[in-house]
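Shown next: work13.cif, containing mmCIF, C-alpha atoms.
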data_my_file
loop_
_atom_site.label_atom_id
_atom_site.label_comp_id
_atom_site.auth_asym_id
_atom_site.auth_seq_id
_atom_site.Cartn_x
_atom_site.Cartn_y
_atom_site.Cartn_z
CA MET P 186 107.49 142.15 -249.20
CA LYS P 187 109.33 145.29 -250.10
CA THR P 188 108.33 148.91 -250.52
CA VAL P 189 110.00 150.62 -253.46
CA GLY P 190 110.12 154.37 -253.90
CA ALA P 191 111.23 156.34 -256.91
CA GLY P 192 114.83 155.27 -257.23
CA ALA P 193 115.35 153.78 -253.75
CA ALA P 194 114.18 150.83 -251.69
CA VAL P 195 112.89 151.70 -248.21
CA THR P 196 110.90 150.02 -245.49
CA SER P 197 107.47 151.44 -244.77
CA ILE P 198 105.01 150.66 -242.01
CA ALA P 199 103.01 153.83 -242.36
CA GLY P 200 99.27 153.69 -242.82
CA CYS P 201 96.64 151.59 -241.14
CA LEU P 202 93.46 149.78 -242.07
CA GLY P 203 90.86 152.41 -242.73
CA GLY P 204 93.30 155.32 -242.82
CA SER P 205 91.86 158.42 -244.47
CA GLY P 206 94.94 159.51 -246.39
CA GLY P 207 95.19 163.18 -245.57
CA THR P 208 96.43 165.99 -247.78
CA GLY P 209 99.98 165.44 -248.90
CA GLU P 210 100.07 161.75 -248.04
CA THR P 211 101.97 159.58 -250.48
CA ILE P 212 99.71 157.52 -252.73
CA LYS P 213 100.85 153.92 -252.51
CA ILE P 214 100.23 151.47 -255.32
CA GLY P 215 100.43 147.76 -254.57
CA HIS P 216 101.84 145.28 -257.06
CA VAL P 217 101.62 141.51 -256.70
CA MET P 218 103.18 139.01 -259.08
CA PRO P 219 105.33 135.87 -259.09
CA VAL P 220 108.46 137.99 -259.47
CA GLU P 221 110.79 135.02 -259.90
CA THR P 222 109.35 134.65 -263.41
CA ASP P 223 110.26 136.87 -266.36
CA ASN P 224 106.66 138.06 -266.70
CA GLY P 225 106.43 138.83 -262.98
CA LEU P 226 109.71 140.73 -262.83
CA GLY P 227 109.00 142.51 -266.10
CA SER P 228 105.69 143.63 -264.62
CA GLU P 229 107.30 144.82 -261.39
CA ARG P 230 109.92 146.83 -263.28
CA SER P 231 107.26 148.30 -265.59
CA ALA P 232 105.19 149.29 -262.55
CA GLN P 233 108.22 151.04 -261.05
CA LEU P 234 108.87 152.74 -264.39
CA ALA P 235 105.28 154.04 -264.47
CA VAL P 236 105.54 155.30 -260.88
CA ASP P 237 108.85 157.04 -261.56
CA GLN P 238 107.40 158.71 -264.65
CA LEU P 239 104.34 159.87 -262.71
CA ASN P 240 106.55 161.40 -260.01
CA GLU P 241 108.64 163.16 -262.64
CA ASN P 242 105.40 164.79 -263.82
CA GLY P 243 103.95 165.86 -260.50
CA GLY P 244 102.65 162.56 -259.14
CA ILE P 245 98.93 161.91 -258.68
CA LEU P 246 96.74 164.70 -257.27
CA ASP P 247 99.98 166.60 -256.57
CA ARG P 248 101.18 163.81 -254.29
CA ASP P 249 104.17 161.53 -254.59
CA VAL P 250 103.49 157.97 -255.68
CA GLU P 251 105.20 154.94 -254.16
CA LEU P 252 105.24 151.32 -255.31
CA VAL P 253 104.74 148.56 -252.75
CA THR P 254 105.50 145.21 -254.32
CA ALA P 255 105.28 141.61 -253.16
CA ASP P 256 105.95 138.14 -254.53
CA SER P 257 102.83 135.97 -254.80
CA ALA P 258 104.88 132.94 -255.89
CA GLY P 259 101.88 132.23 -258.11
CA GLN P 260 100.03 130.80 -255.07
CA PRO P 261 96.56 131.98 -253.93
CA SER P 262 97.35 131.62 -250.20
CA GLU P 263 100.60 133.58 -250.46
CA ALA P 264 98.96 136.30 -252.54
CA HIS P 265 96.13 136.64 -250.03
CA SER P 266 98.62 136.97 -247.18
CA VAL P 267 100.84 139.63 -248.78
CA VAL P 268 97.92 141.68 -250.11
CA THR P 269 96.30 141.64 -246.66
CA GLU P 270 99.55 143.08 -245.33
CA MET P 271 99.67 145.71 -248.07
CA ILE P 272 96.17 146.83 -247.14
CA SER P 273 96.60 146.84 -243.34
CA ARG P 274 100.24 147.94 -243.05
CA ASP P 275 100.90 150.05 -246.12
CA ASN P 276 97.45 151.46 -246.78
CA ILE P 277 97.74 150.96 -250.53
CA ARG P 278 95.28 152.91 -252.69
CA MET P 279 95.28 150.53 -255.63
CA LEU P 280 96.42 146.99 -256.41
CA VAL P 281 97.78 145.89 -259.77
CA GLY P 282 99.02 142.56 -261.07
CA THR P 283 98.40 138.79 -260.90
CA VAL P 284 99.11 136.53 -263.84
CA VAL P 285 97.55 133.38 -262.38
CA SER P 286 93.75 133.23 -262.61
CA GLU P 287 93.44 131.19 -259.43
CA VAL P 288 95.29 133.99 -257.61
CA ALA P 289 93.01 136.70 -259.00
CA LEU P 290 89.93 134.68 -258.02
CA SER P 291 91.26 134.21 -254.50
CA LEU P 292 91.76 137.98 -254.03
CA ALA P 293 88.30 139.05 -255.18
CA ASP P 294 86.58 138.93 -251.78
CA LEU P 295 89.50 140.58 -249.98
CA VAL P 296 89.75 143.61 -252.26
CA ALA P 297 85.95 143.90 -252.46
CA GLU P 298 85.67 144.00 -248.67
CA ASN P 299 88.11 146.91 -248.66
CA ASP P 300 86.66 148.73 -251.70
CA LEU P 301 90.18 148.61 -253.13
CA PRO P 302 90.67 149.33 -256.84
CA PHE P 303 92.21 146.17 -258.27
CA LEU P 304 93.47 146.22 -261.86
CA ILE P 305 94.20 142.71 -263.11
CA THR P 306 97.01 142.59 -265.67
CA GLY P 307 97.56 139.02 -266.77
CA ALA P 308 95.03 136.56 -265.37
CA ALA P 309 92.60 135.70 -268.16
CA SER P 310 89.82 133.51 -266.76
CA PRO P 311 86.33 134.90 -267.50
CA ARG P 312 85.23 133.42 -264.16
CA ILE P 313 86.77 136.40 -262.39
CA PHE P 314 83.93 138.56 -263.69
CA ALA P 315 81.23 135.98 -264.42
CA GLU P 316 81.30 134.65 -260.84
CA ASN P 317 81.63 138.02 -259.13
CA HIS P 318 80.47 141.14 -260.97
CA ALA P 319 77.74 139.41 -262.95
CA GLN P 320 76.28 138.07 -259.69
CA ASN P 321 76.73 141.14 -257.48
CA TYR P 322 78.17 144.11 -259.33
CA ASP P 323 78.03 146.54 -256.43
CA GLN P 324 80.11 144.22 -254.24
CA PHE P 325 82.89 143.71 -256.79
CA LYS P 326 82.72 147.02 -258.65
CA SER P 327 86.29 148.03 -257.74
CA ILE P 328 87.84 145.13 -259.72
CA PHE P 329 88.79 145.79 -263.37
CA ARG P 330 90.90 144.00 -265.98
CA PRO P 331 92.73 146.28 -268.45
CA GLY P 332 94.11 143.19 -270.19
CA PRO P 333 94.53 140.76 -271.69
CA VAL P 334 91.23 139.76 -273.25
CA ASN P 335 89.64 136.89 -271.38
CA SER P 336 90.22 133.31 -272.41
CA ILE P 337 86.85 133.01 -274.17
CA LYS P 338 88.01 135.69 -276.61
CA GLN P 339 91.43 134.06 -276.73
CA ALA P 340 89.77 130.77 -277.71
CA GLU P 341 87.95 132.55 -280.54
CA TYR P 342 91.08 134.33 -281.70
CA LEU P 343 93.18 131.16 -281.64
CA ALA P 344 90.61 129.54 -283.91
CA GLN P 345 90.85 132.53 -286.25
CA TYR P 346 94.62 132.23 -286.15
CA GLY P 347 94.31 128.53 -287.02
CA GLN P 348 92.21 129.54 -290.01
CA PHE P 349 94.93 132.01 -291.01
CA LEU P 350 97.53 129.21 -290.84
CA SER P 351 95.28 127.01 -292.95
CA GLU P 352 94.93 129.68 -295.61
CA GLU P 353 98.63 130.60 -295.46
CA HIS P 354 100.05 127.08 -295.64
CA GLY P 355 97.22 124.82 -296.74
CA TRP P 356 97.08 123.02 -293.39
CA ASP P 357 93.91 121.04 -292.78
CA THR P 358 94.68 119.09 -289.58
CA MET P 359 95.53 120.60 -286.21
CA ALA P 360 95.99 119.68 -282.54
CA VAL P 361 94.94 121.65 -279.45
CA VAL P 362 96.92 120.98 -276.26
CA CYS P 363 96.15 122.90 -273.06
CA GLU P 364 97.46 122.76 -269.54
CA ASP P 365 94.89 121.83 -266.91
CA ALA P 366 94.31 125.29 -265.40
CA ALA P 367 91.37 127.64 -264.94
CA TRP P 368 92.34 129.99 -267.76
CA THR P 369 92.53 127.27 -270.45
CA GLN P 370 89.16 125.57 -270.04
CA ASP P 371 87.47 127.79 -272.63
CA ILE P 372 90.24 127.10 -275.14
CA THR P 373 89.73 123.35 -274.70
CA ASP P 374 85.95 123.75 -274.94
CA MET P 375 85.79 126.19 -277.86
CA THR P 376 88.87 126.37 -280.09
CA ALA P 377 88.60 122.86 -281.54
CA SER P 378 84.91 123.19 -282.37
CA LEU P 379 85.42 126.60 -283.98
CA LEU P 380 88.25 125.22 -286.12
CA GLU P 381 86.09 122.30 -287.21
CA GLU P 382 83.27 124.67 -288.13
CA ASN P 383 85.74 126.17 -290.62
CA GLY P 384 86.60 122.81 -292.18
CA ILE P 385 89.77 122.06 -290.19
CA ASP P 386 90.12 118.61 -288.67
CA VAL P 387 91.17 118.71 -284.99
CA ALA P 388 92.85 115.35 -284.51
CA VAL P 389 93.95 115.97 -280.91
CA ASN P 390 92.26 118.01 -278.17
CA GLU P 391 94.06 117.23 -274.92
CA ARG P 392 94.56 118.71 -271.45
CA VAL P 393 97.85 117.96 -269.74
CA ALA P 394 98.76 117.96 -266.06
CA LEU P 395 100.58 120.98 -264.60
CA ASP P 396 103.43 118.73 -263.44
CA THR P 397 104.12 117.41 -266.96
CA ASN P 398 107.83 117.18 -267.67
CA ASP P 399 108.01 114.39 -270.25
CA TRP P 400 106.61 115.76 -273.48
CA THR P 401 107.60 112.84 -275.70
CA PRO P 402 104.22 111.01 -275.48
CA ILE P 403 102.33 114.20 -276.31
CA LEU P 404 104.59 115.22 -279.19
CA ASP P 405 104.43 111.65 -280.52
CA GLN P 406 100.64 111.72 -280.31
CA VAL P 407 100.45 114.98 -282.26
CA GLU P 408 102.84 113.59 -284.88
CA SER P 409 100.89 110.34 -285.32
CA SER P 410 97.63 112.30 -285.67
CA GLY P 411 98.92 113.99 -288.82
CA ALA P 412 98.44 117.49 -287.36
CA GLN P 413 100.42 120.22 -289.10
CA THR P 414 100.41 122.48 -286.06
CA MET P 415 100.01 122.08 -282.32
CA ILE P 416 98.08 125.02 -280.90
CA GLY P 417 99.05 125.12 -277.26
CA ALA P 418 97.80 127.02 -274.21
CA LEU P 419 100.70 126.64 -271.79
CA SER P 420 101.54 129.08 -269.01
CA HIS P 421 102.43 127.33 -265.77
CA ILE P 422 104.30 124.41 -267.35
CA PRO P 423 107.95 125.02 -268.33
CA ILE P 424 108.25 124.44 -272.07
CA THR P 425 111.99 124.79 -272.63
CA GLY P 426 112.49 121.03 -272.79
CA MET P 427 109.42 120.55 -274.97
CA THR P 428 110.66 123.16 -277.43
CA SER P 429 114.15 121.67 -277.65
CA SER P 430 112.75 118.16 -278.15
CA TRP P 431 110.35 119.36 -280.84
CA SER P 432 113.11 121.11 -282.78
CA ARG P 433 115.96 118.63 -282.38
CA ASN P 434 113.75 115.67 -283.25
CA GLU P 435 112.21 117.64 -286.14
CA TYR P 436 108.62 116.80 -285.32
CA PRO P 437 106.73 117.56 -288.53
CA PHE P 438 104.36 120.22 -287.19
CA SER P 439 104.65 123.82 -286.04
CA LEU P 440 104.23 125.05 -282.46
CA ASP P 441 101.74 127.89 -282.09
CA GLY P 442 99.22 129.22 -279.59
CA VAL P 443 99.72 130.85 -276.19
CA MET P 444 103.17 129.81 -274.99
CA ILE P 445 103.85 132.09 -272.03
CA ALA P 446 107.50 131.16 -271.45
CA ALA P 447 108.24 131.89 -275.12
CA GLN P 448 107.20 135.51 -274.58
CA SER P 449 110.41 136.08 -272.64
CA PRO P 450 113.10 137.92 -274.64
CA GLN P 451 115.56 135.36 -273.26
CA PHE P 452 113.67 132.30 -274.53
CA TRP P 453 115.93 131.96 -277.59
CA SER P 454 118.93 131.71 -275.27
CA ASP P 455 117.07 129.39 -272.89
CA THR P 456 116.46 126.94 -275.71
CA GLN P 457 119.85 127.43 -277.39
CA GLY P 458 118.14 128.63 -280.55
CA THR P 459 115.70 125.72 -280.82
CA ALA P 460 112.83 128.21 -280.33
CA GLU P 461 113.11 129.19 -283.99
CA TYR P 462 109.68 128.95 -285.68
CA LEU P 463 107.74 128.76 -282.40
CA SER P 464 104.89 131.28 -282.23
CA THR P 465 103.03 132.66 -279.23
CA ALA P 466 100.16 135.02 -278.60
CA THR P 467 101.07 138.03 -276.50
CA SER P 468 100.21 141.67 -275.82
CA ALA P 469 101.87 144.61 -277.56
CA ALA P 470 103.70 142.06 -279.75
CA ASP P 471 106.15 141.93 -276.82
CA GLY P 472 107.35 145.35 -277.95
CA PHE P 473 108.56 144.12 -281.35
CA ALA P 474 105.89 145.93 -283.38
CA ASP P 475 104.37 149.39 -283.04
CA ILE P 476 100.87 148.65 -281.76
CA THR P 477 100.40 152.27 -280.66
CA PRO P 478 102.83 155.20 -280.48
CA LYS P 479 103.27 154.36 -276.79
CA THR P 480 104.57 150.84 -277.45
CA SER P 481 108.05 151.94 -278.45
CA GLU P 482 108.04 154.68 -275.79
CA VAL P 483 107.56 152.13 -273.01
CA MET P 484 109.95 149.67 -274.66
CA ASP P 485 112.70 152.29 -274.99
CA ALA P 486 112.22 153.65 -271.47
CA TYR P 487 112.35 150.15 -270.00
CA GLN P 488 115.48 149.19 -271.91
CA SER P 489 117.17 152.44 -270.91
CA GLU P 490 116.58 151.55 -267.27
CA TYR P 491 117.12 147.78 -267.23
CA ASP P 492 119.71 145.69 -269.03
CA SER P 493 119.35 142.40 -267.15
CA ARG P 494 116.82 139.64 -267.65
CA PRO P 495 114.09 140.19 -268.75
CA THR P 496 115.36 142.79 -271.19
CA THR P 497 111.86 143.79 -272.37
CA PRO P 498 108.74 144.57 -270.31
CA THR P 499 107.09 141.23 -271.27
CA PHE P 500 103.40 141.11 -272.14
CA VAL P 501 102.31 141.68 -268.54
CA GLY P 502 104.65 144.64 -268.15
CA PHE P 503 103.04 146.61 -270.95
CA ILE P 504 99.58 146.08 -269.45
CA THR P 505 100.76 146.90 -265.92
CA HIS P 506 102.35 150.16 -267.11
CA ASP P 507 99.08 151.04 -268.86
CA ALA P 508 97.00 150.09 -265.81
CA ILE P 509 98.86 152.41 -263.45
CA ASN P 510 98.60 155.31 -265.86
CA LEU P 511 94.90 154.87 -266.59
CA TYR P 512 94.27 154.62 -262.83
CA ALA P 513 96.18 157.87 -262.33
CA GLU P 514 94.05 159.59 -264.95
CA ALA P 515 90.85 158.22 -263.38
CA VAL P 516 91.61 159.47 -259.85
CA GLU P 517 92.72 162.83 -261.22
CA ARG P 518 89.30 163.13 -262.85
CA ALA P 519 87.59 161.89 -259.68
CA GLY P 520 89.57 164.33 -257.55
CA THR P 521 90.31 161.66 -254.97
CA ALA P 522 92.29 158.49 -254.40
CA ASN P 523 90.50 157.81 -251.12
CA HIS P 524 88.77 154.55 -252.00
CA ARG P 525 87.47 154.02 -248.46
CA GLU P 526 85.42 157.20 -248.44
CA ASP P 527 84.59 157.64 -252.12
CA ILE P 528 85.02 154.43 -254.11
CA ASP P 529 81.98 155.27 -256.23
CA SER P 530 83.66 158.34 -257.76
CA ILE P 531 86.80 156.33 -258.55
CA VAL P 532 84.82 153.46 -260.08
CA GLU P 533 82.76 155.90 -262.13
CA GLU P 534 85.91 157.38 -263.64
CA LEU P 535 87.50 153.98 -264.22
CA GLN P 536 84.34 152.99 -266.05
CA ALA P 537 84.73 156.13 -268.20
CA THR P 538 88.27 155.09 -269.26
CA ASP P 539 89.20 155.61 -272.89
CA PHE P 540 92.95 155.27 -272.69
CA GLU P 541 95.55 154.81 -275.40
CA GLY P 542 98.03 152.44 -273.81
CA SER P 543 101.17 150.75 -275.00
CA TYR P 544 99.29 147.60 -275.95
CA GLY P 545 96.15 149.17 -277.41
CA GLN P 546 93.15 151.33 -276.70
CA ILE P 547 91.60 150.42 -273.35
CA GLN P 548 87.93 150.72 -272.46
CA PHE P 549 85.88 148.64 -270.03
CA GLN P 550 82.60 146.82 -270.45
CA GLY P 551 79.78 148.48 -268.53
CA PRO P 552 77.96 147.21 -265.43
CA ASP P 553 75.34 145.59 -267.66
CA GLY P 554 77.87 144.00 -270.01
CA GLU P 555 78.47 140.29 -270.31
CA TYR P 556 81.66 140.67 -268.27
CA PRO P 557 81.28 143.91 -266.29
CA ASN P 558 84.54 145.86 -265.82
CA ASP P 559 86.44 143.48 -268.12
CA VAL P 560 88.44 145.04 -270.92
CA TYR P 561 86.42 145.78 -274.06
CA PRO P 562 87.83 143.40 -276.71
CA GLY P 563 86.83 145.35 -279.81
CA GLU P 564 85.51 143.71 -282.95
CA GLY P 565 88.42 141.36 -283.56
CA PRO P 566 92.10 140.62 -282.85
CA GLY P 567 93.32 143.42 -285.11
CA ASP P 568 91.03 146.05 -283.65
CA GLU P 569 92.61 149.00 -281.83
CA PHE P 570 90.92 147.87 -278.63
CA ALA P 571 93.03 145.36 -276.64
CA PRO P 572 94.53 143.75 -279.75
CA PHE P 573 95.55 140.08 -279.67
CA THR P 574 98.92 139.76 -281.37
CA ILE P 575 101.04 136.72 -282.23
CA THR P 576 104.81 136.82 -282.54
CA GLN P 577 107.12 134.17 -283.99
CA TRP P 578 110.73 133.50 -283.09
CA GLN P 579 112.79 133.83 -286.25
CA ALA P 580 116.45 134.04 -287.22
CA ALA P 581 117.56 137.66 -287.19
CA GLU P 582 118.79 139.25 -290.37
CA ASP P 583 122.53 139.99 -290.34
CA GLY P 584 122.76 138.36 -286.91
CA ASN P 585 121.21 141.46 -285.32
CA GLY P 586 119.19 139.53 -282.76
CA ILE P 587 118.07 140.01 -279.19
CA GLY P 588 121.05 140.49 -276.91
CA ASP P 589 124.00 138.59 -278.29
CA THR P 590 121.86 135.97 -280.05
CA ASP P 591 120.88 135.51 -283.68
CA GLY P 592 117.19 135.23 -282.82
CA THR P 593 114.45 137.85 -282.89
CA LYS P 594 110.67 138.18 -282.86
CA ARG P 595 108.31 139.21 -285.62
CA CYS P 596 104.61 139.97 -285.33
CA VAL P 597 103.01 137.54 -287.77
CA TRP P 598 99.30 138.05 -286.99
CA PRO P 599 96.95 139.84 -287.29
CA GLU P 600 97.62 141.65 -290.53
CA THR P 601 97.01 145.06 -288.92
CA TYR P 602 100.24 144.80 -286.94
CA GLN P 603 102.17 142.27 -289.00
CA ASN P 604 105.85 142.99 -289.65
CA GLY P 605 106.90 139.51 -290.73
CA ASP P 606 105.51 136.42 -292.44
CA HIS P 607 104.74 133.27 -290.50
CA GLN P 608 107.50 130.79 -291.31
CA THR P 609 107.04 127.04 -291.59
CA PRO P 610 109.75 125.02 -289.77
CA SER P 611 112.49 124.27 -292.28
CA TRP P 612 112.17 120.50 -291.73
CA MET P 613 108.45 120.36 -292.59
#

This entry written out as structure tokens:
Amino acid sequence: MKTVGAGAAVTSIAGCLGGSGGTGETIKIGHVMPVETDNGLGSERSAQLAVDQLNENGGILDRDVELVTADSAGQPSEAHSVVTEMISRDNIRMLVGTVVSEVALSLADLVAENDLPFLITGAASPRIFAENHAQNYDQFKSIFRPGPVNSIKQAEYLAQYGQFLSEEHGWDTMAVVCEDAAWTQDITDMTASLLEENGIDVAVNERVALDTNDWTPILDQVESSGAQTMIGALSHIPITGMTSSWSRNEYPFSLDGVMIAAQSPQFWSDTQGTAEYLSTATSAADGFADITPKTSEVMDAYQSEYDSRPTTPTFVGFITHDAINLYAEAVERAGTANHREDIDSIVEELQATDFEGSYGQIQFQGPDGEYPNDVYPGEGPGDEFAPFTITQWQAAEDGNGIGDTDGTKRCVWPETYQNGDHQTPSWM
């Protein structure tokens, strides 16, 4: 674990469990992510960017802000260990992060016991709120999710996206392929049935093991089914090999859905250009469309600070940057960051959030909502509230691609934020 200040890395053992945080004490924000991944590192950098910007503007409650960050390695046990240390050793005032739902679920009791504000910025399972807040709101009231929308909404939106593809290209047969993880169960359970309700035949609806590395049987199955697109929900499984095999063997269907690795700005390079035509859902269109005026502000600030991989904040980074800033506004309104003595005031102000972030307008569902403290999803994927955007890898015009490549991203859905048309693979 490392403690990162504005512009310098230092070691900190200040603070103790139950510390009151007197006047002038630095406000420490904890960040936990699998930082060996592009999404994890992009989130960490975006968190540091937010902290630096806060300090440039007077900090929080006229105090300096410091980022304490740790690598969860995507494992619940490791995350529990490092967050326990953040709480007891560093006396963090807020925790942000997690992209793995199993990790977020494993931290719920720990942060609740310490009345620690925990803003989840990646993990999408609805169980986080259905199994905690909906059963005992007062116990878990300090846990919020600014984004993304939970996987039940993602399942609905993927079905709407499938309908868009059907209308756009005349496709009438589709496949749904999900990795066997907590966040994808709703997509397996719902997306296929919703597509079929709209007259689309779902010829394949499969869950694949997290250790899958040979995609040939699955791609062959989708091809033999006659599906014109494979809507995937793949986060933990590396998909570089799958993408290359799909393109080089010219499988006669498109790749769409939630393809987390493809959100990386370096995915075109990783696949040696075979990512062309692959589409993935993301937040803030990965910075390649103006979702709000803040999208380009965060994108530009990040790229001014960092020129190594990942060269954009990634979908988690945008949400993490937003989370830290909306927390800062909430504690300023509450007049305290002391969660141990006055968590109710902080929670009350977090509940009152109406924040224009870089990935959309952020509000939270109330204590009596279906998913208390979860992000309010608005009326649809193109709504201003937590919009669900899909980008496609396409060949860049005039070779002006990402980095030194000839590939770029375009937001192809929903229409509200669209800046490019969805392209059918040239071999179809």

Care to translate the PyMOL selection byres ((chain P and resi 405) around 12) into actual residues of this file, as a VMD selection string?
chain P and resid 360 389 399 to 404 406 to 412 415 427 430 to 431 434 to 438

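With the shown file loaded, the PyMOL selection byres ((chain P and resi 394) around 9) picks out P:Cys363, P:Glu364, P:Asp365, P:Ala366, P:Arg392, P:Val393, P:Leu395, P:Asp396, P:Thr397, P:Ile422.
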
Within-7 Å shell of (116.6, 132.0, -279.9) in input frame, only C-alpha atoms, as a PyMOL selection string
chain P and resi 452-454+456-461+578+590-593

Report the distance between atom CA of P:Thr496 and atom CA of P:Gly584 in Å, rounded to one decimal place.
17.9 Å

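Using all atoms listed in the file for every distance, the candidate list P:Ser266, P:Thr376, P:Thr465, P:Thr283 yields P:Thr283 as the residue closest to P:Ser228.
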
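Pairwise distance (atom CA of P:Leu463, atom CA of P:Pro333) equals 20.8 Å.
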
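The shell of residues at most 8 Å from P:Tyr487, with only C-alpha atoms counted and near chain neighbours (fewer than 3 positions) removed, consists of P:Arg230, P:Ser231, P:Leu234, P:Val483, P:Met484, P:Glu490, P:Tyr491, P:Thr497, P:Pro498.
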
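The space between atom CA of P:Val250 and atom CA of P:Ala232 spans 11.2 Å.
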
Proximity to P:Ser464 - best of P:Ser310, P:Asn276, P:Thr414, P:Ser530, all atoms listed in the file:
P:Thr414

Export stretch 382-388 of chain P of the preceding structure, keeping all heavy atoms, as a PDB file, in the first residue's frame.
ATOM      1  N   GLU P 382     -38.776 -10.862 -26.558  1.00  0.00           N
ATOM      2  CA  GLU P 382     -40.045 -10.140 -26.472  1.00  0.00           C
ATOM      3  C   GLU P 382     -40.189  -9.141 -27.611  1.00  0.00           C
ATOM      4  O   GLU P 382     -41.311  -8.764 -27.975  1.00  0.00           O
ATOM      5  CB  GLU P 382     -40.149  -9.405 -25.134  1.00  0.00           C
ATOM      6  CG  GLU P 382     -40.409 -10.321 -23.944  1.00  0.00           C
ATOM      7  CD  GLU P 382     -40.405  -9.558 -22.631  1.00  0.00           C
ATOM      8  OE1 GLU P 382     -40.406  -8.302 -22.676  1.00  0.00           O
ATOM      9  OE2 GLU P 382     -40.395 -10.200 -21.566  1.00  0.00           O
ATOM     10  N   ASN P 383     -39.061  -8.696 -28.169  1.00  0.00           N
ATOM     11  CA  ASN P 383     -39.075  -7.742 -29.281  1.00  0.00           C
ATOM     12  C   ASN P 383     -38.856  -8.416 -30.634  1.00  0.00           C
ATOM     13  O   ASN P 383     -38.463  -7.776 -31.604  1.00  0.00           O
ATOM     14  CB  ASN P 383     -38.005  -6.672 -29.050  1.00  0.00           C
ATOM     15  CG  ASN P 383     -38.417  -5.667 -27.980  1.00  0.00           C
ATOM     16  OD1 ASN P 383     -39.295  -4.841 -28.202  1.00  0.00           O
ATOM     17  ND2 ASN P 383     -37.804  -5.750 -26.818  1.00  0.00           N
ATOM     18  N   GLY P 384     -39.101  -9.730 -30.674  1.00  0.00           N
ATOM     19  CA  GLY P 384     -39.091 -10.446 -31.945  1.00  0.00           C
ATOM     20  C   GLY P 384     -37.730 -10.878 -32.436  1.00  0.00           C
ATOM     21  O   GLY P 384     -37.583 -11.263 -33.607  1.00  0.00           O
ATOM     22  N   ILE P 385     -36.706 -10.833 -31.568  1.00  0.00           N
ATOM     23  CA  ILE P 385     -35.355 -11.251 -31.960  1.00  0.00           C
ATOM     24  C   ILE P 385     -35.095 -12.647 -31.405  1.00  0.00           C
ATOM     25  O   ILE P 385     -35.300 -12.907 -30.220  1.00  0.00           O
ATOM     26  CB  ILE P 385     -34.309 -10.255 -31.437  1.00  0.00           C
ATOM     27  CG1 ILE P 385     -34.520  -8.876 -32.091  1.00  0.00           C
ATOM     28  CG2 ILE P 385     -32.890 -10.753 -31.707  1.00  0.00           C
ATOM     29  CD1 ILE P 385     -33.708  -7.768 -31.470  1.00  0.00           C
ATOM     30  N   ASP P 386     -34.653 -13.539 -32.254  1.00  0.00           N
ATOM     31  CA  ASP P 386     -34.334 -14.895 -31.827  1.00  0.00           C
ATOM     32  C   ASP P 386     -32.966 -14.905 -31.139  1.00  0.00           C
ATOM     33  O   ASP P 386     -31.979 -14.414 -31.694  1.00  0.00           O
ATOM     34  CB  ASP P 386     -34.321 -15.835 -33.037  1.00  0.00           C
ATOM     35  CG  ASP P 386     -33.920 -17.256 -32.655  1.00  0.00           C
ATOM     36  OD1 ASP P 386     -34.312 -17.700 -31.552  1.00  0.00           O
ATOM     37  OD2 ASP P 386     -33.226 -17.916 -33.441  1.00  0.00           O
ATOM     38  N   VAL P 387     -32.915 -15.434 -29.917  1.00  0.00           N
ATOM     39  CA  VAL P 387     -31.642 -15.586 -29.202  1.00  0.00           C
ATOM     40  C   VAL P 387     -31.247 -17.052 -29.316  1.00  0.00           C
ATOM     41  O   VAL P 387     -31.768 -17.917 -28.618  1.00  0.00           O
ATOM     42  CB  VAL P 387     -31.751 -15.138 -27.733  1.00  0.00           C
ATOM     43  CG1 VAL P 387     -30.424 -15.351 -27.011  1.00  0.00           C
ATOM     44  CG2 VAL P 387     -32.149 -13.667 -27.670  1.00  0.00           C
ATOM     45  N   ALA P 388     -30.308 -17.324 -30.217  1.00  0.00           N
ATOM     46  CA  ALA P 388     -29.952 -18.701 -30.537  1.00  0.00           C
ATOM     47  C   ALA P 388     -28.953 -19.288 -29.554  1.00  0.00           C
ATOM     48  O   ALA P 388     -28.821 -20.516 -29.454  1.00  0.00           O
ATOM     49  CB  ALA P 388     -29.363 -18.756 -31.961  1.00  0.00           C
TER      50      ALA P 388
END
